[in-house]
Amino acid sequence: MESSHIYEQVQRHYVSMARAKKPVYSSAVAQAFGYTEGELSSVPQEANLGLSCGNPLAIASLREGETVVDLGSGAGFDVFLAAGKVGLEGRAIGVDMNKDMLARAHENHANLGKPSNVSFIESKVTHIRLRDGIADCVISNCVINLVPDVEKPAVFAEIARLLKPGGRVAISDILARKPFPKELRMSVTAYVGCVAGCSLKEQYEQFLVASGFSDIAIIDTNSDLNIYKDAAKEGASENAHGTSCCGAPGKSDLTTSNNLHHTEGSEGCSEIWDIDDIDINEWAGSYKIIALKL
């Protein structure tokens with residue numbers, strides 16, 4: 001798939017997610033990937049859209065006064081949590097390319113009284129409108145897998161550019177356990193669902209090394225990705241376009257044809273690998289990625 005087509009579909013799908021009401025399953029998904037009840041209750045409920053595949057803040061080791069940049073910040077969930085950790089002397093900056101997500105983040109920011117240590121900017125994660133060396137830490141949660149393969153090296157180069165010397169990156173992302181069949185790789189809907197575009201662990205390590213990172217740790221959390229099946233069913237009961245991980249369509253959106261399904265009128269997507277027919281954990285896993293900038 002061409003990069004322009006991928007970005008178009010990602011944008012359209014996340015507009016839908018940003019405009020939707022708070023999914024009923026969002027707290028369950030977040031807790032399944034390491035967020036505590038205390039964290040969930042400390043931020044606006046509308047900031048958590050159930051799009052997590054891990055908790056990067058659990059591995060970021062944020063300290064008072066630091067500046068943290070969140071790539072693909074969505075409605076602001078991790079940004080608001082990070083702001084509480086760095087304090088008023090620190091900064092938490094969200095980066096997102098989707099205007100509707102940013103609008104929701106700004107609304108949530110206002111509902112918190114517009115804390116001065118929080119800000120959001122509109123930008124692609126491959127070319128971020130922030131100055132060099134601004135961050136002590138860069139985080140991301142289930143977003144880099146949405147970037148087209150040919151542009152993923154640019155994301156890691158940008159992370160390195162934003163970090164101060166000795167700065168660190170803490171990422172939660174879905175990585176492939178083995179090469180995917182072509183049909184899955186070419187599924188647009190599986191792509192916006194954070195599956196079809198995910199990299200192998202070895203590729204992630206290559207991206208980090210090439211961008212000047214050391215002390216790289218890429219660890220399988222062994223989280224059960226099949227929770228997204230339950231989320232999809234919950235979403236399907238909510239509305240005509242049920243959603244699960246990263247906005248993947250629920251069962252109600254699909255027309256069956258063996259394992260490969262076709263959707264018509266579902267956010268412009270054409271194909272999806274039906275998660276009801278496979279063990280997601282066989283193909284992919286939730287990983288935590290930590291590295292230091294040289």
# chains A, B, ... in the order shown; residues from 1 in each chain; ligands from 1
>>> residues_around(residues="A:Ser140", least_positions_apart="4", cutoff="9 Å", atoms="only C-alpha atoms", output="ChimeraX atom specification")
/A:56,69-73,78,144,169-173
>>> write_last_selection(atoms="N, CA, C and O atoms", output="mmCIF file, in the first residue's frame")
data_model
loop_
_atom_site.group_PDB
_atom_site.id
_atom_site.type_symbol
_atom_site.label_atom_id
_atom_site.label_comp_id
_atom_site.auth_asym_id
_atom_site.auth_seq_id
_atom_site.Cartn_x
_atom_site.Cartn_y
_atom_site.Cartn_z
ATOM 1 N N PRO A 56 3.432 3.001 28.474
ATOM 2 C CA PRO A 56 4.813 3.483 28.373
ATOM 3 C C PRO A 56 5.272 4.247 29.605
ATOM 4 O O PRO A 56 6.467 4.314 29.885
ATOM 5 N N VAL A 69 7.698 14.104 25.551
ATOM 6 C CA VAL A 69 6.935 14.266 24.313
ATOM 7 C C VAL A 69 6.254 12.935 24.005
ATOM 8 O O VAL A 69 6.903 11.886 23.974
ATOM 9 N N ASP A 70 4.941 12.997 23.771
ATOM 10 C CA ASP A 70 4.148 11.803 23.468
ATOM 11 C C ASP A 70 3.791 11.808 21.987
ATOM 12 O O ASP A 70 3.067 12.686 21.514
ATOM 13 N N LEU A 71 4.296 10.812 21.252
ATOM 14 C CA LEU A 71 4.031 10.712 19.819
ATOM 15 C C LEU A 71 2.722 9.971 19.579
ATOM 16 O O LEU A 71 2.550 8.836 20.023
ATOM 17 N N GLY A 72 1.798 10.619 18.864
ATOM 18 C CA GLY A 72 0.482 10.049 18.628
ATOM 19 C C GLY A 72 -0.360 10.135 19.889
ATOM 20 O O GLY A 72 -0.866 9.129 20.385
ATOM 21 N N SER A 73 -0.518 11.336 20.404
ATOM 22 C CA SER A 73 -1.095 11.550 21.738
ATOM 23 C C SER A 73 -2.606 11.409 21.798
ATOM 24 O O SER A 73 -3.181 11.348 22.892
ATOM 25 N N ASP A 78 -2.107 9.691 27.839
ATOM 26 C CA ASP A 78 -0.763 9.575 28.400
ATOM 27 C C ASP A 78 -0.145 10.931 28.702
ATOM 28 O O ASP A 78 0.682 11.053 29.617
ATOM 29 N N ILE A 144 3.426 3.880 16.414
ATOM 30 C CA ILE A 144 4.458 3.768 15.383
ATOM 31 C C ILE A 144 4.122 2.664 14.394
ATOM 32 O O ILE A 144 4.484 2.733 13.220
ATOM 33 N N VAL A 169 13.932 6.853 25.371
ATOM 34 C CA VAL A 169 12.669 6.607 24.693
ATOM 35 C C VAL A 169 11.995 5.429 25.372
ATOM 36 O O VAL A 169 12.648 4.444 25.742
ATOM 37 N N ALA A 170 10.694 5.534 25.586
ATOM 38 C CA ALA A 170 9.904 4.463 26.203
ATOM 39 C C ALA A 170 8.647 4.266 25.361
ATOM 40 O O ALA A 170 7.787 5.139 25.306
ATOM 41 N N ILE A 171 8.575 3.132 24.692
ATOM 42 C CA ILE A 171 7.505 2.875 23.733
ATOM 43 C C ILE A 171 6.751 1.610 24.109
ATOM 44 O O ILE A 171 7.351 0.604 24.497
ATOM 45 N N SER A 172 5.432 1.653 24.001
ATOM 46 C CA SER A 172 4.612 0.447 23.998
ATOM 47 C C SER A 172 4.084 0.284 22.583
ATOM 48 O O SER A 172 3.529 1.230 22.018
ATOM 49 N N ASP A 173 4.280 -0.892 22.000
ATOM 50 C CA ASP A 173 3.828 -1.076 20.623
ATOM 51 C C ASP A 173 3.565 -2.552 20.359
ATOM 52 O O ASP A 173 4.042 -3.425 21.087
#
>>> residues_around(residues="A:Leu102", least_positions_apart="5", cutoff="10 Å", atoms="only C-alpha atoms", output="list in words")
Ala18, Gly72, Ser73, Gly74, Ala75, Gly76, Gly94, Val95, Asp96, Met97, Glu107, Asn108, Phe120, Ile121 and Glu122 of chain A
>>> write_last_selection(atoms="N, CA, C and O atoms", output="PDB file, in the first residue's frame")
ATOM      1  N   ALA A  18     -12.271   9.712  17.291  1.00  0.00           N
ATOM      2  CA  ALA A  18     -12.252  10.948  18.069  1.00  0.00           C
ATOM      3  C   ALA A  18     -13.646  11.501  18.300  1.00  0.00           C
ATOM      4  O   ALA A  18     -13.913  12.135  19.330  1.00  0.00           O
ATOM      5  N   GLY A  72       1.798  10.619  18.864  1.00  0.00           N
ATOM      6  CA  GLY A  72       0.482  10.049  18.628  1.00  0.00           C
ATOM      7  C   GLY A  72      -0.360  10.135  19.889  1.00  0.00           C
ATOM      8  O   GLY A  72      -0.866   9.129  20.385  1.00  0.00           O
ATOM      9  N   SER A  73      -0.518  11.336  20.404  1.00  0.00           N
ATOM     10  CA  SER A  73      -1.095  11.550  21.738  1.00  0.00           C
ATOM     11  C   SER A  73      -2.606  11.409  21.798  1.00  0.00           C
ATOM     12  O   SER A  73      -3.181  11.348  22.892  1.00  0.00           O
ATOM     13  N   GLY A  74      -3.278  11.358  20.643  1.00  0.00           N
ATOM     14  CA  GLY A  74      -4.719  11.138  20.641  1.00  0.00           C
ATOM     15  C   GLY A  74      -5.475  12.144  21.481  1.00  0.00           C
ATOM     16  O   GLY A  74      -5.269  13.350  21.387  1.00  0.00           O
ATOM     17  N   ALA A  75      -6.348  11.649  22.359  1.00  0.00           N
ATOM     18  CA  ALA A  75      -7.175  12.523  23.198  1.00  0.00           C
ATOM     19  C   ALA A  75      -6.451  12.994  24.447  1.00  0.00           C
ATOM     20  O   ALA A  75      -7.046  13.665  25.290  1.00  0.00           O
ATOM     21  N   GLY A  76      -5.173  12.638  24.584  1.00  0.00           N
ATOM     22  CA  GLY A  76      -4.361  13.181  25.664  1.00  0.00           C
ATOM     23  C   GLY A  76      -4.149  12.291  26.871  1.00  0.00           C
ATOM     24  O   GLY A  76      -3.566  12.726  27.873  1.00  0.00           O
ATOM     25  N   GLY A  94       1.993  16.761  23.685  1.00  0.00           N
ATOM     26  CA  GLY A  94       1.382  15.758  22.829  1.00  0.00           C
ATOM     27  C   GLY A  94       1.521  16.113  21.367  1.00  0.00           C
ATOM     28  O   GLY A  94       1.359  17.279  20.981  1.00  0.00           O
ATOM     29  N   VAL A  95       1.814  15.129  20.532  1.00  0.00           N
ATOM     30  CA  VAL A  95       1.975  15.315  19.085  1.00  0.00           C
ATOM     31  C   VAL A  95       0.987  14.396  18.374  1.00  0.00           C
ATOM     32  O   VAL A  95       0.989  13.185  18.591  1.00  0.00           O
ATOM     33  N   ASP A  96       0.144  14.967  17.527  1.00  0.00           N
ATOM     34  CA  ASP A  96      -0.811  14.149  16.772  1.00  0.00           C
ATOM     35  C   ASP A  96      -1.111  14.850  15.444  1.00  0.00           C
ATOM     36  O   ASP A  96      -1.109  16.080  15.369  1.00  0.00           O
ATOM     37  N   MET A  97      -1.378  14.043  14.414  1.00  0.00           N
ATOM     38  CA  MET A  97      -1.658  14.620  13.099  1.00  0.00           C
ATOM     39  C   MET A  97      -3.151  14.791  12.844  1.00  0.00           C
ATOM     40  O   MET A  97      -3.550  15.400  11.850  1.00  0.00           O
ATOM     41  N   GLU A 107     -10.185  19.882  24.458  1.00  0.00           N
ATOM     42  CA  GLU A 107     -11.381  19.915  25.294  1.00  0.00           C
ATOM     43  C   GLU A 107     -11.099  19.282  26.657  1.00  0.00           C
ATOM     44  O   GLU A 107     -11.509  19.811  27.701  1.00  0.00           O
ATOM     45  N   ASN A 108     -10.402  18.151  26.649  1.00  0.00           N
ATOM     46  CA  ASN A 108     -10.034  17.504  27.903  1.00  0.00           C
ATOM     47  C   ASN A 108      -9.091  18.383  28.723  1.00  0.00           C
ATOM     48  O   ASN A 108      -9.189  18.448  29.956  1.00  0.00           O
ATOM     49  N   PHE A 120      -0.308  20.687  23.200  1.00  0.00           N
ATOM     50  CA  PHE A 120      -0.483  19.767  22.078  1.00  0.00           C
ATOM     51  C   PHE A 120      -0.121  20.481  20.786  1.00  0.00           C
ATOM     52  O   PHE A 120      -0.407  21.673  20.624  1.00  0.00           O
ATOM     53  N   ILE A 121       0.510  19.748  19.860  1.00  0.00           N
ATOM     54  CA  ILE A 121       0.811  20.315  18.551  1.00  0.00           C
ATOM     55  C   ILE A 121       0.339  19.357  17.462  1.00  0.00           C
ATOM     56  O   ILE A 121       0.310  18.143  17.657  1.00  0.00           O
ATOM     57  N   GLU A 122      -0.043  19.931  16.337  1.00  0.00           N
ATOM     58  CA  GLU A 122      -0.435  19.125  15.185  1.00  0.00           C
ATOM     59  C   GLU A 122       0.791  18.849  14.327  1.00  0.00           C
ATOM     60  O   GLU A 122       1.453  19.767  13.845  1.00  0.00           O
TER      61      GLU A 122
END
>>> select_by_dssp(residues="stretch 53-195 of chain A", states="strand (DSSP E)", output="VMD selection string")
chain A and resid 67 to 71 91 to 96 118 to 122 135 to 141 163 to 176
>>> closest_residue(among="A:Asp136, A:Glu89, A:Asp215, A:Asp220", to="A:Leu175", atoms="only C-alpha atoms")
A:Asp220
>>> atom_distance(atom1="atom CA of A:Tyr228", atom2="atom CA of A:Ser286")
12.1 Å
>>> closest_residue(among="A:Ile227, A:Ile219, A:Val125, A:Ala160", to="A:Leu51", atoms="only C-alpha atoms")
A:Ile227
>>> closest_residue(among="A:Val10, A:Ala47, A:Leu130, A:Ala135", to="A:Val86", atoms="only C-alpha atoms")
A:Ala135
>>> atom_distance(atom1="atom CA of A:Ala217", atom2="atom CA of A:Val29")
24.2 Å
>>> closest_residue(among="A:Gly50, A:Pro181, A:Pro148, A:Pro165", to="A:Cys198", atoms="only C-alpha atoms")
A:Pro148
>>> atom_distance(atom1="atom CA of A:Leu62", atom2="atom CA of A:Pro153")
25.2 Å
>>> residues_around(residues="A:Ser61", least_positions_apart="2", cutoff="9 Å", atoms="only C-alpha atoms", output="list in words")
Leu57, Ala58, Ile59, Arg63, Cys137 and Ala170 of chain A
>>> closest_residue(among="A:Ile174, A:Leu292, A:Val150, A:Ala105", to="A:Asn222", atoms="only C-alpha atoms")
A:Ile174
>>> select_by_dssp(residues="stretch 26-222 of chain A", states="helix (DSSP H, G or I)", output="NGL selection string")
:A and (26-32 or 37-41 or 45-47 or 57-60 or 77-86 or 99-111 or 144-146 or 149-162 or 182-185 or 188-192 or 201-210)
>>> residues_around(residues="A:Ala32", least_positions_apart="2", cutoff="12 Å", atoms="only C-alpha atoms", output="PDB file with C-alpha atoms, in the first residue's frame")
ATOM      1  CA  TYR A  25     -14.508  -1.131  27.169  1.00  0.00           C
ATOM      2  CA  SER A  26     -11.793   1.555  27.364  1.00  0.00           C
ATOM      3  CA  SER A  27     -11.022   1.114  31.051  1.00  0.00           C
ATOM      4  CA  ALA A  28     -10.839  -2.680  30.718  1.00  0.00           C
ATOM      5  CA  VAL A  29      -8.397  -2.398  27.813  1.00  0.00           C
ATOM      6  CA  ALA A  30      -6.227   0.123  29.671  1.00  0.00           C
ATOM      7  CA  GLY A  34      -0.912  -2.066  32.927  1.00  0.00           C
ATOM      8  CA  TYR A  35      -2.767   1.106  33.866  1.00  0.00           C
ATOM      9  CA  THR A  36      -3.973   1.281  37.452  1.00  0.00           C
ATOM     10  CA  GLU A  37      -7.390   2.388  38.678  1.00  0.00           C
ATOM     11  CA  GLY A  50      -9.326   2.258  24.736  1.00  0.00           C
ATOM     12  CA  LEU A  51      -6.490   2.496  22.186  1.00  0.00           C
ATOM     13  CA  SER A  52      -3.622   1.325  24.380  1.00  0.00           C
ATOM     14  CA  CYS A  53      -1.426  -1.721  23.832  1.00  0.00           C
ATOM     15  CA  GLY A  54       0.762  -1.045  26.862  1.00  0.00           C
ATOM     16  CA  ASN A  55       1.663   1.590  29.437  1.00  0.00           C
ATOM     17  CA  THR A 221       4.996  -8.219  27.950  1.00  0.00           C
ATOM     18  CA  ASN A 222       3.065 -11.431  27.235  1.00  0.00           C
ATOM     19  CA  SER A 223      -0.154  -9.461  27.435  1.00  0.00           C
ATOM     20  CA  ASP A 224      -3.197 -11.164  25.954  1.00  0.00           C
ATOM     21  CA  LEU A 225      -4.033  -9.324  22.730  1.00  0.00           C
ATOM     22  CA  ASN A 226      -7.195 -11.359  22.393  1.00  0.00           C
ATOM     23  CA  ILE A 227      -8.799  -8.857  24.752  1.00  0.00           C
ATOM     24  CA  TYR A 228      -9.452  -6.892  21.569  1.00  0.00           C
ATOM     25  CA  ASP A 230     -14.072  -8.723  23.563  1.00  0.00           C
ATOM     26  CA  ALA A 231     -13.580  -5.016  22.923  1.00  0.00           C
ATOM     27  CA  SER A 286       2.574  -6.221  22.970  1.00  0.00           C
TER      28      SER A 286
END
>>> closest_residue(among="A:Lys152, A:Arg12, A:His106, A:Lys85", to="A:Lys124", atoms="only C-alpha atoms")
A:Lys152
>>> residues_around(residues="A:Gly133", least_positions_apart="4", cutoff="6 Å", atoms="only C-alpha atoms", output="list of chain:residue names")
A:Leu162, A:Leu163, A:Lys164
>>> decode(residues="stretch 29-49 of chain A", atoms="N, CA, C and O atoms", output="mmCIF file, in the first residue's frame")
data_model
loop_
_atom_site.group_PDB
_atom_site.id
_atom_site.type_symbol
_atom_site.label_atom_id
_atom_site.label_comp_id
_atom_site.auth_asym_id
_atom_site.auth_seq_id
_atom_site.Cartn_x
_atom_site.Cartn_y
_atom_site.Cartn_z
ATOM 1 N N VAL A 29 -9.562 -2.278 28.682
ATOM 2 C CA VAL A 29 -8.397 -2.398 27.813
ATOM 3 C C VAL A 29 -7.174 -1.767 28.485
ATOM 4 O O VAL A 29 -6.089 -2.353 28.517
ATOM 5 N N ALA A 30 -7.344 -0.563 29.027
ATOM 6 C CA ALA A 30 -6.227 0.123 29.671
ATOM 7 C C ALA A 30 -5.682 -0.681 30.846
ATOM 8 O O ALA A 30 -4.463 -0.820 31.008
ATOM 9 N N GLN A 31 -6.560 -1.215 31.667
ATOM 10 C CA GLN A 31 -6.109 -1.997 32.817
ATOM 11 C C GLN A 31 -5.426 -3.298 32.383
ATOM 12 O O GLN A 31 -4.477 -3.753 33.028
ATOM 13 N N ALA A 32 -5.889 -3.875 31.296
ATOM 14 C CA ALA A 32 -5.268 -5.098 30.792
ATOM 15 C C ALA A 32 -3.831 -4.865 30.367
ATOM 16 O O ALA A 32 -3.009 -5.797 30.367
ATOM 17 N N PHE A 33 -3.506 -3.619 30.022
ATOM 18 C CA PHE A 33 -2.156 -3.299 29.570
ATOM 19 C C PHE A 33 -1.363 -2.500 30.597
ATOM 20 O O PHE A 33 -0.391 -1.827 30.253
ATOM 21 N N GLY A 34 -1.779 -2.563 31.865
ATOM 22 C CA GLY A 34 -0.912 -2.066 32.927
ATOM 23 C C GLY A 34 -1.278 -0.761 33.588
ATOM 24 O O GLY A 34 -0.554 -0.306 34.488
ATOM 25 N N TYR A 35 -2.359 -0.121 33.192
ATOM 26 C CA TYR A 35 -2.767 1.106 33.866
ATOM 27 C C TYR A 35 -3.534 0.761 35.139
ATOM 28 O O TYR A 35 -4.327 -0.184 35.175
ATOM 29 N N THR A 36 -3.304 1.530 36.177
ATOM 30 C CA THR A 36 -3.973 1.281 37.452
ATOM 31 C C THR A 36 -5.282 2.063 37.533
ATOM 32 O O THR A 36 -5.506 3.021 36.777
ATOM 33 N N GLU A 37 -6.135 1.663 38.466
ATOM 34 C CA GLU A 37 -7.390 2.388 38.678
ATOM 35 C C GLU A 37 -7.106 3.827 39.085
ATOM 36 O O GLU A 37 -7.831 4.748 38.703
ATOM 37 N N GLY A 38 -6.030 4.020 39.855
ATOM 38 C CA GLY A 38 -5.661 5.372 40.255
ATOM 39 C C GLY A 38 -5.299 6.245 39.072
ATOM 40 O O GLY A 38 -5.686 7.424 39.014
ATOM 41 N N GLU A 39 -4.548 5.681 38.126
ATOM 42 C CA GLU A 39 -4.196 6.452 36.924
ATOM 43 C C GLU A 39 -5.439 6.787 36.114
ATOM 44 O O GLU A 39 -5.588 7.910 35.621
ATOM 45 N N LEU A 40 -6.322 5.825 35.957
ATOM 46 C CA LEU A 40 -7.521 6.046 35.158
ATOM 47 C C LEU A 40 -8.422 7.104 35.775
ATOM 48 O O LEU A 40 -9.069 7.871 35.057
ATOM 49 N N SER A 41 -8.475 7.163 37.089
ATOM 50 C CA SER A 41 -9.347 8.135 37.754
ATOM 51 C C SER A 41 -8.737 9.524 37.845
ATOM 52 O O SER A 41 -9.423 10.485 38.189
ATOM 53 N N SER A 42 -7.432 9.642 37.513
ATOM 54 C CA SER A 42 -6.744 10.926 37.659
ATOM 55 C C SER A 42 -6.811 11.799 36.415
ATOM 56 O O SER A 42 -6.372 12.953 36.451
ATOM 57 N N VAL A 43 -7.341 11.258 35.307
ATOM 58 C CA VAL A 43 -7.448 12.028 34.069
ATOM 59 C C VAL A 43 -8.896 12.026 33.598
ATOM 60 O O VAL A 43 -9.691 11.175 34.020
ATOM 61 N N PRO A 44 -9.277 12.963 32.728
ATOM 62 C CA PRO A 44 -10.651 12.967 32.212
ATOM 63 C C PRO A 44 -10.998 11.634 31.555
ATOM 64 O O PRO A 44 -10.210 11.084 30.786
ATOM 65 N N GLN A 45 -12.176 11.100 31.852
ATOM 66 C CA GLN A 45 -12.582 9.826 31.261
ATOM 67 C C GLN A 45 -12.576 9.877 29.744
ATOM 68 O O GLN A 45 -12.278 8.881 29.078
ATOM 69 N N GLU A 46 -12.889 11.037 29.171
ATOM 70 C CA GLU A 46 -12.951 11.164 27.720
ATOM 71 C C GLU A 46 -11.577 11.134 27.068
ATOM 72 O O GLU A 46 -11.480 11.119 25.831
ATOM 73 N N ALA A 47 -10.511 11.122 27.865
ATOM 74 C CA ALA A 47 -9.159 11.051 27.301
ATOM 75 C C ALA A 47 -8.767 9.615 26.976
ATOM 76 O O ALA A 47 -7.871 9.380 26.160
ATOM 77 N N ASN A 48 -9.416 8.655 27.609
ATOM 78 C CA ASN A 48 -9.092 7.247 27.402
ATOM 79 C C ASN A 48 -10.077 6.641 26.414
ATOM 80 O O ASN A 48 -11.227 6.377 26.745
ATOM 81 N N LEU A 49 -9.604 6.380 25.200
ATOM 82 C CA LEU A 49 -10.459 5.836 24.141
ATOM 83 C C LEU A 49 -10.253 4.335 23.942
ATOM 84 O O LEU A 49 -10.732 3.766 22.968
#
